[in-house]
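Raw contents of query-v5.cif, mmCIF, C-alpha atoms:
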```
data_model
#
loop_
_atom_site.label_atom_id
_atom_site.label_comp_id
_atom_site.auth_asym_id
_atom_site.auth_seq_id
_atom_site.Cartn_x
_atom_site.Cartn_y
_atom_site.Cartn_z
CA MET Q 266 -168.35 6.74 -91.91
CA THR Q 267 -170.35 9.01 -89.60
CA GLN Q 268 -171.41 12.65 -89.69
CA GLY Q 269 -168.89 13.82 -92.28
CA LYS Q 270 -167.18 17.08 -93.02
CA SER Q 271 -170.36 19.21 -92.92
CA ASP Q 272 -170.40 19.13 -89.11
CA LYS Q 273 -166.68 19.73 -88.63
CA ALA Q 274 -166.94 23.41 -87.69
CA ALA Q 275 -169.73 22.69 -85.23
CA ILE Q 276 -167.74 19.89 -83.60
CA LEU Q 277 -164.66 22.09 -83.25
CA ALA Q 278 -166.78 24.86 -81.76
CA ARG Q 279 -168.08 22.67 -78.94
CA LEU Q 280 -164.87 20.87 -78.01
CA PRO Q 281 -163.43 21.89 -74.62
CA ILE Q 282 -160.10 23.72 -74.48
CA ARG Q 283 -157.49 21.65 -72.67
CA GLY Q 284 -153.79 21.88 -73.46
CA ASN Q 285 -152.35 18.42 -72.85
CA GLU Q 286 -151.18 15.23 -74.57
CA ASP Q 287 -154.02 12.97 -73.44
CA PRO Q 288 -154.83 10.48 -76.25
CA TYR Q 289 -158.05 9.38 -74.54
CA THR Q 290 -159.87 12.70 -75.03
CA VAL Q 291 -160.43 15.00 -78.01
CA THR Q 292 -159.95 18.63 -77.01
CA ILE Q 293 -158.85 21.96 -78.45
CA GLY Q 294 -155.11 22.21 -77.84
CA GLY Q 295 -154.92 18.53 -76.95
CA PHE Q 296 -153.31 15.47 -78.49
CA TYR Q 297 -155.52 15.19 -81.62
CA ARG Q 298 -154.99 18.84 -82.67
CA ARG Q 299 -152.37 17.44 -85.07
CA TRP Q 300 -155.02 15.90 -87.32
CA PHE Q 301 -157.88 18.43 -87.16
CA ASN Q 302 -157.04 19.94 -90.56
CA LEU Q 303 -156.52 16.52 -92.18
CA ILE Q 304 -159.56 14.49 -91.13
CA ASP Q 305 -162.93 15.29 -92.67
CA ASP Q 306 -165.06 13.32 -90.21
CA LEU Q 307 -164.18 14.48 -86.69
CA GLN Q 308 -167.07 12.52 -85.22
CA LEU Q 309 -165.45 9.34 -86.51
CA LEU Q 310 -162.22 10.43 -84.80
CA ILE Q 311 -164.09 11.05 -81.53
CA ASP Q 312 -165.92 7.71 -81.76
CA THR Q 313 -162.67 5.84 -82.37
CA VAL Q 314 -160.93 7.54 -79.44
CA ALA Q 315 -163.73 6.23 -77.21
CA THR Q 316 -162.69 2.66 -78.10
CA ILE Q 317 -158.95 3.06 -77.42
CA GLN Q 318 -157.69 0.61 -74.80
CA GLY Q 319 -154.08 1.78 -74.65
CA THR Q 320 -151.25 3.42 -76.55
CA GLU Q 321 -148.99 0.38 -76.79
CA ASP Q 322 -148.61 -0.83 -80.36
CA GLU Q 323 -150.75 -3.92 -79.87
CA ASP Q 324 -153.74 -1.77 -78.81
CA TRP Q 325 -153.12 1.49 -80.64
CA VAL Q 326 -152.10 0.46 -84.16
CA PRO Q 327 -154.98 -1.97 -84.94
CA ALA Q 328 -157.64 0.48 -83.73
CA TRP Q 329 -156.54 3.25 -86.07
CA SER Q 330 -155.46 0.99 -88.92
CA ALA Q 331 -158.97 -0.50 -89.05
CA VAL Q 332 -160.42 2.95 -89.78
CA ALA Q 333 -157.73 3.62 -92.38
CA GLU Q 334 -158.45 0.30 -94.11
CA ARG Q 335 -162.12 1.25 -94.46
CA TYR Q 336 -161.09 4.38 -96.33
CA GLU Q 337 -158.68 2.36 -98.50
CA ARG Q 338 -161.51 0.06 -99.55
CA LYS Q 339 -163.70 3.08 -100.25
CA ALA Q 340 -160.94 4.61 -102.38
CA GLU Q 341 -160.58 1.44 -104.45
CA ALA Q 342 -164.33 1.28 -105.01
CA LEU Q 343 -164.39 4.91 -106.13
CA LEU Q 344 -161.50 4.28 -108.50
CA ALA Q 345 -163.37 1.38 -110.05
CA ARG Q 346 -166.19 3.86 -110.80
CA ARG Q 347 -163.65 6.35 -112.23
CA LYS Q 348 -164.35 8.90 -109.48
CA ARG Q 349 -160.77 10.05 -109.24
CA ALA Q 350 -161.22 13.17 -107.08
CA GLU Q 351 -163.31 11.30 -104.51
CA ALA Q 352 -160.87 8.36 -104.56
CA ARG Q 353 -157.95 10.72 -103.99
CA ASN Q 354 -159.63 12.21 -100.94
CA ALA Q 355 -160.41 8.75 -99.57
CA PHE Q 356 -156.75 7.77 -99.93
CA LEU Q 357 -155.80 10.97 -98.08
CA GLN Q 358 -158.24 10.11 -95.29
CA ALA Q 359 -156.75 6.62 -95.09
CA LYS Q 360 -153.27 8.15 -94.93
CA SER Q 361 -154.32 10.46 -92.10
CA PHE Q 362 -155.70 7.62 -89.97
CA TYR Q 363 -152.53 5.64 -90.66
CA SER Q 364 -150.70 8.77 -89.50
CA ILE Q 365 -152.32 8.31 -86.10
CA ALA Q 366 -151.55 4.57 -86.19
CA ARG Q 367 -147.83 5.11 -86.87
CA PHE Q 368 -147.57 7.95 -84.29
CA PRO Q 369 -144.98 9.07 -83.37
CA ALA Q 370 -142.58 6.71 -85.17
CA PRO Q 371 -140.35 6.66 -87.02
CA TYR Q 372 -137.64 8.56 -85.24
CA HIS Q 373 -134.34 7.34 -86.55
CA SER Q 374 -130.89 8.33 -87.75
CA GLY Q 375 -130.73 6.13 -90.83
CA SER Q 376 -132.19 6.52 -94.28
CA ALA Q 377 -134.21 3.26 -94.30
CA ILE Q 378 -137.97 3.65 -94.49
CA CYS Q 379 -138.53 1.84 -91.19
CA PRO Q 380 -135.87 1.84 -88.47
CA PRO Q 381 -134.87 -1.54 -87.00
CA ASP Q 382 -136.35 -0.74 -83.57
CA MET Q 383 -139.86 -0.17 -84.94
CA SER Q 384 -142.26 -2.99 -84.20
CA PRO Q 385 -143.52 -4.94 -87.24
CA ILE Q 386 -147.10 -3.83 -86.65
CA LYS Q 387 -146.15 -0.15 -86.56
CA ALA Q 388 -143.77 -0.57 -89.51
CA ARG Q 389 -146.68 -1.88 -91.57
CA ALA Q 390 -148.84 1.11 -90.57
CA TYR Q 391 -146.07 3.47 -91.66
CA GLU Q 392 -145.65 1.64 -94.96
CA ARG Q 393 -149.42 1.82 -95.58
CA TYR Q 394 -149.31 5.52 -94.67
CA LEU Q 395 -146.66 6.15 -97.33
CA ASP Q 396 -148.46 3.99 -99.89
CA CYS Q 397 -151.82 5.73 -99.42
CA TYR Q 398 -150.15 9.09 -99.87
CA ARG Q 399 -148.45 7.80 -103.02
CA ARG Q 400 -151.79 6.54 -104.39
CA ALA Q 401 -153.37 9.93 -103.64
CA THR Q 402 -150.62 11.87 -105.40
CA GLU Q 403 -150.91 9.64 -108.47
CA LEU Q 404 -154.44 11.00 -108.87
CA LEU Q 405 -153.23 14.60 -109.10
CA PRO Q 406 -152.95 16.23 -112.54
CA ASP Q 407 -149.34 17.07 -111.64
CA ALA Q 408 -147.77 14.75 -109.07
CA PRO Q 409 -145.28 16.25 -106.57
CA ARG Q 410 -141.65 16.25 -107.62
CA ILE Q 411 -139.49 14.27 -105.17
CA ILE Q 412 -136.51 16.34 -104.04
CA GLN Q 413 -133.49 14.84 -102.29
CA VAL Q 414 -131.77 17.24 -99.89
CA ARG Q 415 -128.14 16.40 -99.09
CA ARG Q 416 -125.54 17.95 -96.81
CA ASP Q 417 -122.44 16.57 -95.02
CA GLY Q 418 -123.21 12.96 -95.90
CA LYS Q 419 -126.81 13.16 -94.64
CA GLU Q 420 -130.04 13.41 -96.57
CA ALA Q 421 -133.72 14.21 -96.36
CA ALA Q 422 -136.64 13.73 -98.72
CA GLY Q 423 -139.13 16.39 -99.78
CA TYR Q 424 -142.07 16.96 -102.11
CA LEU Q 425 -142.15 19.96 -104.45
CA ARG Q 426 -145.55 21.32 -105.54
CA LEU Q 427 -145.88 24.02 -108.20
CA PRO Q 428 -148.80 26.22 -109.27
CA LYS Q 429 -150.01 25.69 -112.84
CA ARG Q 430 -148.52 28.92 -114.17
CA ALA Q 431 -144.97 28.13 -112.98
CA SER Q 432 -142.38 27.55 -115.72
CA ARG Q 433 -138.78 28.29 -116.62
CA SER Q 434 -139.88 31.48 -118.32
CA ARG Q 435 -142.35 32.43 -115.60
CA LYS Q 436 -140.66 31.77 -112.29
CA VAL Q 437 -142.70 31.97 -109.10
CA PRO Q 438 -141.88 32.71 -105.46
CA ALA Q 439 -141.74 29.69 -103.22
CA VAL Q 440 -142.06 28.54 -99.63
CA LEU Q 441 -140.09 25.97 -97.65
CA VAL Q 442 -142.71 24.14 -95.56
CA MET Q 443 -140.92 22.87 -92.47
CA CYS Q 444 -142.33 19.83 -90.65
CA GLY Q 445 -142.27 19.36 -86.89
CA ALA Q 446 -141.71 16.69 -84.29
CA ASP Q 447 -144.27 14.07 -85.28
CA MET Q 448 -146.10 15.24 -88.39
CA TYR Q 449 -144.27 14.41 -91.60
CA LYS Q 450 -144.20 15.72 -95.14
CA GLU Q 451 -147.11 13.46 -96.11
CA ASP Q 452 -149.19 15.27 -93.45
CA ARG Q 453 -148.40 18.76 -94.73
CA GLU Q 454 -149.98 18.66 -98.19
CA LYS Q 455 -152.69 21.16 -97.22
CA TYR Q 456 -150.05 23.74 -96.37
CA ALA Q 457 -148.45 23.24 -99.78
CA GLU Q 458 -151.89 23.73 -101.31
CA GLY Q 459 -152.30 26.94 -99.31
CA ALA Q 460 -149.11 28.29 -100.87
CA MET Q 461 -150.12 27.15 -104.35
CA ALA Q 462 -153.51 28.87 -104.03
CA GLU Q 463 -151.56 32.13 -103.77
CA GLY Q 464 -149.42 31.33 -106.80
CA MET Q 465 -146.36 30.14 -104.89
CA GLY Q 466 -144.40 26.91 -105.10
CA ALA Q 467 -143.89 24.81 -101.95
CA LEU Q 468 -141.23 22.32 -100.91
CA VAL Q 469 -142.28 20.16 -97.94
CA VAL Q 470 -139.41 18.39 -96.16
CA ASP Q 471 -139.25 16.00 -93.19
CA ALA Q 472 -137.74 17.60 -90.09
CA PRO Q 473 -134.41 16.42 -88.65
CA GLY Q 474 -134.89 13.32 -86.53
CA THR Q 475 -138.16 12.26 -88.15
CA GLY Q 476 -139.57 10.55 -91.23
CA GLN Q 477 -137.29 9.96 -94.19
CA THR Q 478 -134.20 11.86 -93.11
CA SER Q 479 -130.83 11.03 -91.57
CA PHE Q 480 -130.29 14.48 -90.03
CA PRO Q 481 -130.55 14.24 -86.21
CA HIS Q 482 -132.78 16.47 -84.12
CA ALA Q 483 -130.26 19.01 -82.88
CA PRO Q 484 -129.80 22.80 -83.25
CA GLU Q 485 -126.90 22.30 -85.66
CA SER Q 486 -129.23 20.47 -88.07
CA VAL Q 487 -130.36 23.89 -89.25
CA VAL Q 488 -127.94 23.05 -92.08
CA ALA Q 489 -130.53 20.55 -93.33
CA TRP Q 490 -133.00 23.37 -93.83
CA GLN Q 491 -130.35 25.55 -95.45
CA ALA Q 492 -129.67 22.72 -97.89
CA ALA Q 493 -133.41 22.40 -98.53
CA LEU Q 494 -133.63 26.13 -99.20
CA GLY Q 495 -130.80 25.76 -101.71
CA ALA Q 496 -132.50 22.81 -103.40
CA LEU Q 497 -135.68 24.86 -103.68
CA ALA Q 498 -133.86 27.86 -105.15
CA ARG Q 499 -132.25 25.65 -107.82
CA GLN Q 500 -135.54 24.45 -109.26
CA PRO Q 501 -135.94 26.00 -112.74
CA GLU Q 502 -139.49 27.24 -112.08
CA ILE Q 503 -138.56 29.00 -108.81
CA ASP Q 504 -137.40 32.58 -108.30
CA GLY Q 505 -134.54 31.98 -105.85
CA LYS Q 506 -134.61 35.61 -104.71
CA ARG Q 507 -138.20 35.34 -103.45
CA LEU Q 508 -138.17 32.58 -100.85
CA GLY Q 509 -140.22 32.27 -97.68
CA ALA Q 510 -140.59 29.70 -94.92
CA PHE Q 511 -143.54 28.23 -93.04
CA GLY Q 512 -143.74 25.99 -89.99
CA VAL Q 513 -146.12 24.79 -87.28
CA SER Q 514 -145.13 23.75 -83.72
CA ARG Q 515 -141.55 22.45 -83.87
CA GLY Q 516 -141.67 23.46 -87.52
CA GLY Q 517 -142.41 26.99 -86.31
CA GLN Q 518 -139.31 26.81 -84.14
CA TRP Q 519 -137.25 25.61 -87.10
CA VAL Q 520 -138.56 28.48 -89.25
CA ILE Q 521 -137.30 31.05 -86.76
CA ARG Q 522 -133.94 29.29 -86.40
CA LEU Q 523 -133.44 29.02 -90.16
CA ALA Q 524 -134.28 32.70 -90.66
CA ALA Q 525 -131.70 33.66 -88.02
CA HIS Q 526 -129.04 31.73 -89.97
CA ASP Q 527 -130.01 32.38 -93.59
CA ALA Q 528 -130.81 35.74 -95.18
CA ARG Q 529 -132.43 34.00 -98.16
CA VAL Q 530 -135.61 33.77 -96.06
CA LYS Q 531 -137.31 37.01 -97.08
CA ALA Q 532 -140.47 36.50 -94.96
CA LEU Q 533 -141.90 33.74 -92.77
CA ILE Q 534 -144.99 32.31 -91.12
CA ALA Q 535 -144.46 30.72 -87.69
CA CYS Q 536 -147.32 29.02 -85.85
CA ALA Q 537 -146.59 28.24 -82.20
CA PRO Q 538 -142.88 29.09 -82.44
CA GLY Q 539 -140.55 28.09 -79.63
CA GLY Q 540 -136.82 28.40 -79.10
CA VAL Q 541 -136.94 32.18 -79.29
CA GLY Q 542 -135.58 32.80 -75.83
CA TYR Q 543 -138.65 33.17 -73.63
CA TRP Q 544 -137.85 31.21 -70.46
CA GLY Q 545 -141.39 31.56 -69.14
CA THR Q 546 -142.92 32.09 -65.74
CA PRO Q 547 -142.38 29.50 -63.00
CA GLU Q 548 -145.98 28.38 -63.58
CA GLU Q 549 -145.45 27.94 -67.32
CA ARG Q 550 -142.26 25.97 -66.79
CA ALA Q 551 -143.96 23.75 -64.22
CA GLU Q 552 -146.88 23.19 -66.62
CA TRP Q 553 -144.47 22.07 -69.36
CA ARG Q 554 -142.67 19.66 -67.00
CA GLN Q 555 -145.96 18.29 -65.72
CA ALA Q 556 -147.20 17.66 -69.27
CA ALA Q 557 -143.95 15.96 -70.26
CA GLU Q 558 -143.95 13.78 -67.13
CA GLU Q 559 -147.62 12.87 -67.54
CA ARG Q 560 -147.00 11.92 -71.17
CA ALA Q 561 -144.07 9.70 -70.18
CA ARG Q 562 -146.07 8.09 -67.39
CA THR Q 563 -149.34 7.38 -69.19
CA ASN Q 564 -148.50 7.20 -72.92
CA TRP Q 565 -146.09 4.72 -74.42
CA PHE Q 566 -146.29 4.45 -78.19
CA GLY Q 567 -144.20 1.33 -78.51
CA PRO Q 568 -144.40 -2.46 -78.17
CA ARG Q 569 -146.01 -3.86 -75.05
CA GLY Q 570 -143.62 -4.28 -72.16
CA THR Q 571 -140.93 -1.92 -73.50
CA LYS Q 572 -141.98 1.26 -71.71
CA PRO Q 573 -139.01 2.77 -69.85
CA PRO Q 574 -139.43 3.79 -66.19
CA ALA Q 575 -140.78 7.30 -65.77
CA ARG Q 576 -138.70 9.87 -63.92
CA PRO Q 577 -139.27 13.51 -63.02
CA ILE Q 578 -137.70 16.27 -65.12
CA THR Q 579 -135.76 18.79 -63.06
CA GLU Q 580 -135.82 22.50 -63.80
CA ALA Q 581 -132.05 22.34 -64.27
CA GLU Q 582 -132.50 19.78 -67.07
CA GLN Q 583 -135.25 21.89 -68.57
CA ARG Q 584 -132.98 24.95 -68.47
CA GLU Q 585 -130.08 23.10 -70.09
CA GLU Q 586 -132.22 22.02 -73.04
CA PHE Q 587 -133.75 25.49 -73.28
CA LEU Q 588 -130.33 27.10 -73.58
CA ARG Q 589 -129.35 24.73 -76.40
CA TRP Q 590 -132.12 26.13 -78.56
CA SER Q 591 -132.61 29.71 -77.32
CA LEU Q 592 -131.89 32.20 -80.10
CA LYS Q 593 -131.63 35.00 -77.56
CA ASP Q 594 -129.07 33.20 -75.41
CA ASN Q 595 -127.08 32.17 -78.48
CA GLY Q 596 -126.87 35.73 -79.82
CA LEU Q 597 -129.13 35.08 -82.81
CA LEU Q 598 -132.28 37.01 -81.98
CA GLU Q 599 -131.00 40.28 -83.45
CA LYS Q 600 -130.45 38.56 -86.82
CA LEU Q 601 -134.22 38.25 -87.29
CA THR Q 602 -135.06 41.32 -89.36
CA MET Q 603 -137.41 39.92 -92.01
CA PRO Q 604 -141.24 40.28 -91.99
CA MET Q 605 -143.05 37.68 -89.87
CA TYR Q 606 -146.59 36.39 -89.50
CA LEU Q 607 -146.90 34.90 -86.00
CA VAL Q 608 -149.88 32.92 -84.70
CA ASN Q 609 -150.86 30.65 -81.81
CA GLY Q 610 -153.58 29.81 -79.34
CA LYS Q 611 -153.38 31.39 -75.89
CA VAL Q 612 -153.74 28.08 -74.02
CA ASP Q 613 -150.41 26.50 -74.97
CA HIS Q 614 -148.68 24.02 -72.68
CA LEU Q 615 -145.72 23.48 -75.05
CA THR Q 616 -144.65 26.87 -76.44
CA PRO Q 617 -146.11 29.76 -74.42
CA ILE Q 618 -147.17 32.85 -76.36
CA GLY Q 619 -144.40 34.74 -74.56
CA ASN Q 620 -142.26 33.57 -77.49
CA ILE Q 621 -144.45 35.58 -79.87
CA TYR Q 622 -144.31 38.65 -77.63
CA MET Q 623 -140.52 38.42 -77.49
CA LEU Q 624 -140.40 38.43 -81.29
CA LEU Q 625 -142.72 41.45 -81.36
CA GLU Q 626 -140.54 43.26 -78.84
CA SER Q 627 -137.37 42.77 -80.91
CA GLY Q 628 -136.35 43.51 -84.48
CA PRO Q 629 -137.52 46.38 -86.71
CA PRO Q 630 -140.51 48.57 -85.72
CA THR Q 631 -142.60 47.41 -88.70
CA GLY Q 632 -143.19 44.21 -90.62
CA ARG Q 633 -144.39 41.82 -87.89
CA VAL Q 634 -147.97 40.63 -87.70
CA ALA Q 635 -149.34 38.52 -84.82
CA ARG Q 636 -152.62 36.76 -84.06
CA VAL Q 637 -153.29 35.08 -80.71
CA TYR Q 638 -156.60 33.24 -80.22
CA ALA Q 639 -157.97 33.23 -76.69
CA ASP Q 640 -160.26 30.26 -77.49
CA ASP Q 641 -157.51 28.01 -78.83
CA GLY Q 642 -154.48 25.98 -77.84
CA HIS Q 643 -151.15 24.90 -79.31
CA ILE Q 644 -151.05 25.58 -83.11
CA ALA Q 645 -154.46 27.35 -83.05
CA ALA Q 646 -156.07 24.42 -84.89
CA ARG Q 647 -159.64 25.49 -84.12
CA ASN Q 648 -159.08 28.78 -85.96
CA GLU Q 649 -156.87 27.55 -88.79
CA LYS Q 650 -159.59 28.17 -91.36
CA GLU Q 651 -159.24 31.86 -90.54
CA TRP Q 652 -155.53 32.38 -89.98
CA ALA Q 653 -154.09 30.07 -92.65
CA PRO Q 654 -155.57 31.76 -95.76
CA ALA Q 655 -154.74 35.17 -94.30
CA ALA Q 656 -151.16 34.07 -93.61
CA TRP Q 657 -150.62 32.67 -97.12
CA ARG Q 658 -152.03 35.84 -98.66
CA TRP Q 659 -149.75 37.95 -96.45
CA LEU Q 660 -146.70 35.88 -97.41
CA ARG Q 661 -147.42 36.18 -101.11
CA GLU Q 662 -147.68 39.95 -100.72
CA GLN Q 663 -144.31 40.04 -98.95
CA LEU Q 664 -142.58 37.94 -101.61
CA THR Q 665 -144.01 39.79 -104.61
CA ARG Q 666 -143.32 43.36 -103.56
#
```
Starting from the file, lay out its structure as structure tokens.
Amino acid sequence: MTQGKSDKAAILARLPIRGNEDPYTVTIGGFYRRWFNLIDDLQLLIDTVATIQGTEDEDWVPAWSAVAERYERKAEALLARRKRAEARNAFLQAKSFYSIARFPAPYHSGSAICPPDMSPIKARAYERYLDCYRRATELLPDAPRIIQVRRDGKEAAGYLRLPKRASRSRKVPAVLVMCGADMYKEDREKYAEGAMAEGMGALVVDAPGTGQTSFPHAPESVVAWQAALGALARQPEIDGKRLGAFGVSRGGQWVIRLAAHDARVKALIACAPGGVGYWGTPEERAEWRQAAEERARTNWFGPRGTKPPARPITEAEQREEFLRWSLKDNGLLEKLTMPMYLVNGKVDHLTPIGNIYMLLESGPPTGRVARVYADDGHIAARNEKEWAPAAWRWLREQLTR
């Protein structure tokens, strides 16, 4: 391994800000923002990116799996020396590099671990990803409780984490941690730990259309989150009257949508929320279309030779999809009356900060907190060390009043 975690802050500080989905560069707001809070050695990430020859499975998966395998071997060696904490972290590092290898699959509508259209090489990376996470959780004093969420013949899997003091006689508030488009429940452990550090339980569930769930990605799949909220409330150690929700990126969008449908959400944290109803300026809409078209043209995370032909996205198509999700245009914005902690980077090519301003301009005159970082991009990953602890502390205060 290279420079290690000690230089992480310095590396983040010197990265350029560039909101895009370019997998050949490491930037603030760019493609690798997803893993900044998971990977200890960012220099190793940067060095590996420099070797990437393409995003097709045959190029992409081996490059990242090789790094993950090094961490697996390190974890096994540490276990043999009975260094359980260090071994656990090495398994988590292996899992995070396998997370890049399996990106963005699996998207599927069935409940099998690997969908039939996933290539064998990517299916193996996903299986190793799940196994490394399992090995890491086995080294915890209290392993996560696996929760099955069911509704209307569909299901999703989640992990429940509880603080040490939680019990049937001493119930604690809890948070539903909502995953996004391409980061799954195994990638969200640090958010569960953020909740636990404030004495709250956390249930982390795969988002509709991703990971181990059969709910499709569609606005009506908000029922999956409502079912997850119910499953959380039924846990004997949880105070079902003190529930919050947390989400990043598409997870932030789901948090807002769930809160508009379910009054059990007493307070929420939304990082980079979309779907609020902010249509954007012509320049912002064009930037989003350009990013989507560039991603389709240059990045294909699938088997070699299977990339579909790229085509431009019209503004009419963009508007149609926008209206499917817009809380404002679907008459749901006024239902958002609970306290909110809102955060994002200013340079965001996916969910412009106009969404945050729209939330601040609506609802009650008090109870909403917002933080926008001028030196950051989508999900404010560079500044997460600042905003995340503050957000968890704020949420605990809201749920324990």
task: Would you mind reading off the distance between CA of Ala431 in chain Q and CA of Lys650 in chain Q, one decimal, in Å?
output: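 So the answer is 26.1 Å.
Relative to CA of Pro604 in chain Q, CA of Gln491 in chain Q is found at 18.6 Å.
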- request: Considering only C-alpha atoms, return as a ChimeraX atom specification whatever protein or nucleic-acid residues lie within 10 Å of Cys397 in chain Q, sequence-local ones (same chain, fewer than 2 positions apart) excluded.
  value: /Q:333,336-337,340,353,355-361,363,391-395,399-403,451
message: One decimal, in Å: what's the spacing between CA of Pro385 in chain Q and CA of Thr563 in chain Q?
response: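 Between these atoms lies a distance of 22.6 Å.
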task: Determine the residue membership of the PyMOL selection byres ((chain Q and resi 616) around 8) for the file above and supply it as a VMD selection string.
output: chain Q and resid 514 537 to 539 613 to 615 617 to 618 620 643
- request: Would you list the contacts of range 495-512 of chain Q as a VMD selection string, taking every protein, DNA or RNA residue within 9 Å and counting only C-alpha atoms, but skipping same-chain residues closer than 5 positions in sequence?
  value: chain Q and resid 412 to 415 425 427 431 to 445 456 465 to 468 490 517 to 521 523 to 524 529 to 538 660 to 661 663 to 665
Using all atoms listed in the file, tabulate the residues of range 569-642 of chain Q lying at most 9 Å from any atom of range 293-304 of chain Q, each with its closest atom pair and that distance in Å to one decimal, by chain and increasing residue number, as JSON lines.
```
{"residue": "Q:Gly610", "atom": "CA", "partner": "Q:Gly294", "partner_atom": "CA", "distance": 7.9}
{"residue": "Q:Val612", "atom": "CA", "partner": "Q:Gly294", "partner_atom": "CA", "distance": 7.1}
{"residue": "Q:Asp613", "atom": "CA", "partner": "Q:Gly294", "partner_atom": "CA", "distance": 7.0}
{"residue": "Q:His614", "atom": "CA", "partner": "Q:Gly294", "partner_atom": "CA", "distance": 8.4}
{"residue": "Q:Asp640", "atom": "CA", "partner": "Q:Ile293", "partner_atom": "CA", "distance": 8.5}
{"residue": "Q:Asp641", "atom": "CA", "partner": "Q:Ile293", "partner_atom": "CA", "distance": 6.2}
{"residue": "Q:Gly642", "atom": "CA", "partner": "Q:Gly294", "partner_atom": "CA", "distance": 3.8}
```
- request: Evaluate the PyMOL selection byres ((chain Q and resi 320) around 6) on the structure here and hand back the selected residues as an MDAnalysis selection string.
  value: chainID Q and resid 319 321 325 564:566
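With only C-alpha atoms as the atoms that count, the residue of Q:Leu344, Q:Arg453, Q:Ala370, Q:Arg647 with the shortest distance to Tyr398 in chain Q is Q:Arg453.
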field: Residues in the PyMOL selection byres ((chain Q and resi 541) around 9), expressed as a VMD selection string
entry: chain Q and resid 518 521 to 522 538 to 540 542 to 544 590 to 594 598 620 to 621 623 to 624
Nearest residue to Ala525 in chain Q from the set Q:Glu599, Q:Glu454, Q:Asp287, Q:Asp407 (distances using all atoms listed in the file): Q:Glu599
Within 6 Å of Val608 in chain Q, counting only C-alpha atoms, which residues show up once you throw out same-chain ones fewer than 6 positions away? Write them as a short mmCIF file (atom, residue, chain, number, x, y, z; two decimals) with C-alpha atoms, in the frame of the given file, please.
```cif
data_model
loop_
_atom_site.label_atom_id
_atom_site.label_comp_id
_atom_site.auth_asym_id
_atom_site.auth_seq_id
_atom_site.Cartn_x
_atom_site.Cartn_y
_atom_site.Cartn_z
CA CYS Q 536 -147.32 29.02 -85.85
CA ALA Q 635 -149.34 38.52 -84.82
CA ARG Q 636 -152.62 36.76 -84.06
CA VAL Q 637 -153.29 35.08 -80.71
#
```
Which residue of Q:Ile578, Q:Pro630, Q:Leu280, Q:Thr546 approaches Arg560 in chain Q most closely, using only C-alpha atoms: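 Between Q:Ile578, Q:Pro630, Q:Leu280, Q:Thr546, the residue approaching Arg560 in chain Q most closely is Q:Ile578.
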- prompt: Can you tell me, as a ChimeraX atom specification, what residues are no more than 12 Å from Ser486 in chain Q when counting only C-alpha atoms, ignoring any on the same chain fewer than 3 positions away?
  reply: /Q:415-417,419-421,472-474,478-483,489-493,519,522-523,526,590
message: I'd like the neighbourhood of Val314 in chain Q as a ChimeraX atom specification, where a residue qualifies if any of its atoms comes within 9 Å (using all atoms listed in the file), though same-chain residues fewer than 2 positions away should be ignored.
response: /Q:288-291,309-312,316-318,328
What would the file look like if the residues just selected were written as an mmCIF file, in the frame of the given file with C-alpha atoms?
```cif
data_model
loop_
_atom_site.group_PDB
_atom_site.id
_atom_site.type_symbol
_atom_site.label_atom_id
_atom_site.label_comp_id
_atom_site.auth_asym_id
_atom_site.auth_seq_id
_atom_site.Cartn_x
_atom_site.Cartn_y
_atom_site.Cartn_z
ATOM 1 C CA PRO Q 288 -154.830 10.480 -76.250
ATOM 2 C CA TYR Q 289 -158.050 9.380 -74.540
ATOM 3 C CA THR Q 290 -159.870 12.700 -75.030
ATOM 4 C CA VAL Q 291 -160.430 15.000 -78.010
ATOM 5 C CA LEU Q 309 -165.450 9.340 -86.510
ATOM 6 C CA LEU Q 310 -162.220 10.430 -84.800
ATOM 7 C CA ILE Q 311 -164.090 11.050 -81.530
ATOM 8 C CA ASP Q 312 -165.920 7.710 -81.760
ATOM 9 C CA THR Q 316 -162.690 2.660 -78.100
ATOM 10 C CA ILE Q 317 -158.950 3.060 -77.420
ATOM 11 C CA GLN Q 318 -157.690 0.610 -74.800
ATOM 12 C CA ALA Q 328 -157.640 0.480 -83.730
#
```
query: Which of these, Q:Arg367, Q:Arg515, Q:Arg410, Q:Lys572, has the shortest distance to Ser384 in chain Q once you count all atoms listed in the file?
result: Q:Arg367
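Of the listed residues Q:Val488, Q:Leu404, Q:Leu343, Q:Val326, the one whose atoms come nearest to Ala388 in chain Q is Q:Val326, with distances taken using only C-alpha atoms.
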- prompt: Which residue out of Q:Pro369, Q:Pro654, Q:Gly619, Q:Pro577 has the minimum interatomic distance to Arg554 in chain Q when all atoms listed in the file are used?
  reply: Q:Pro577
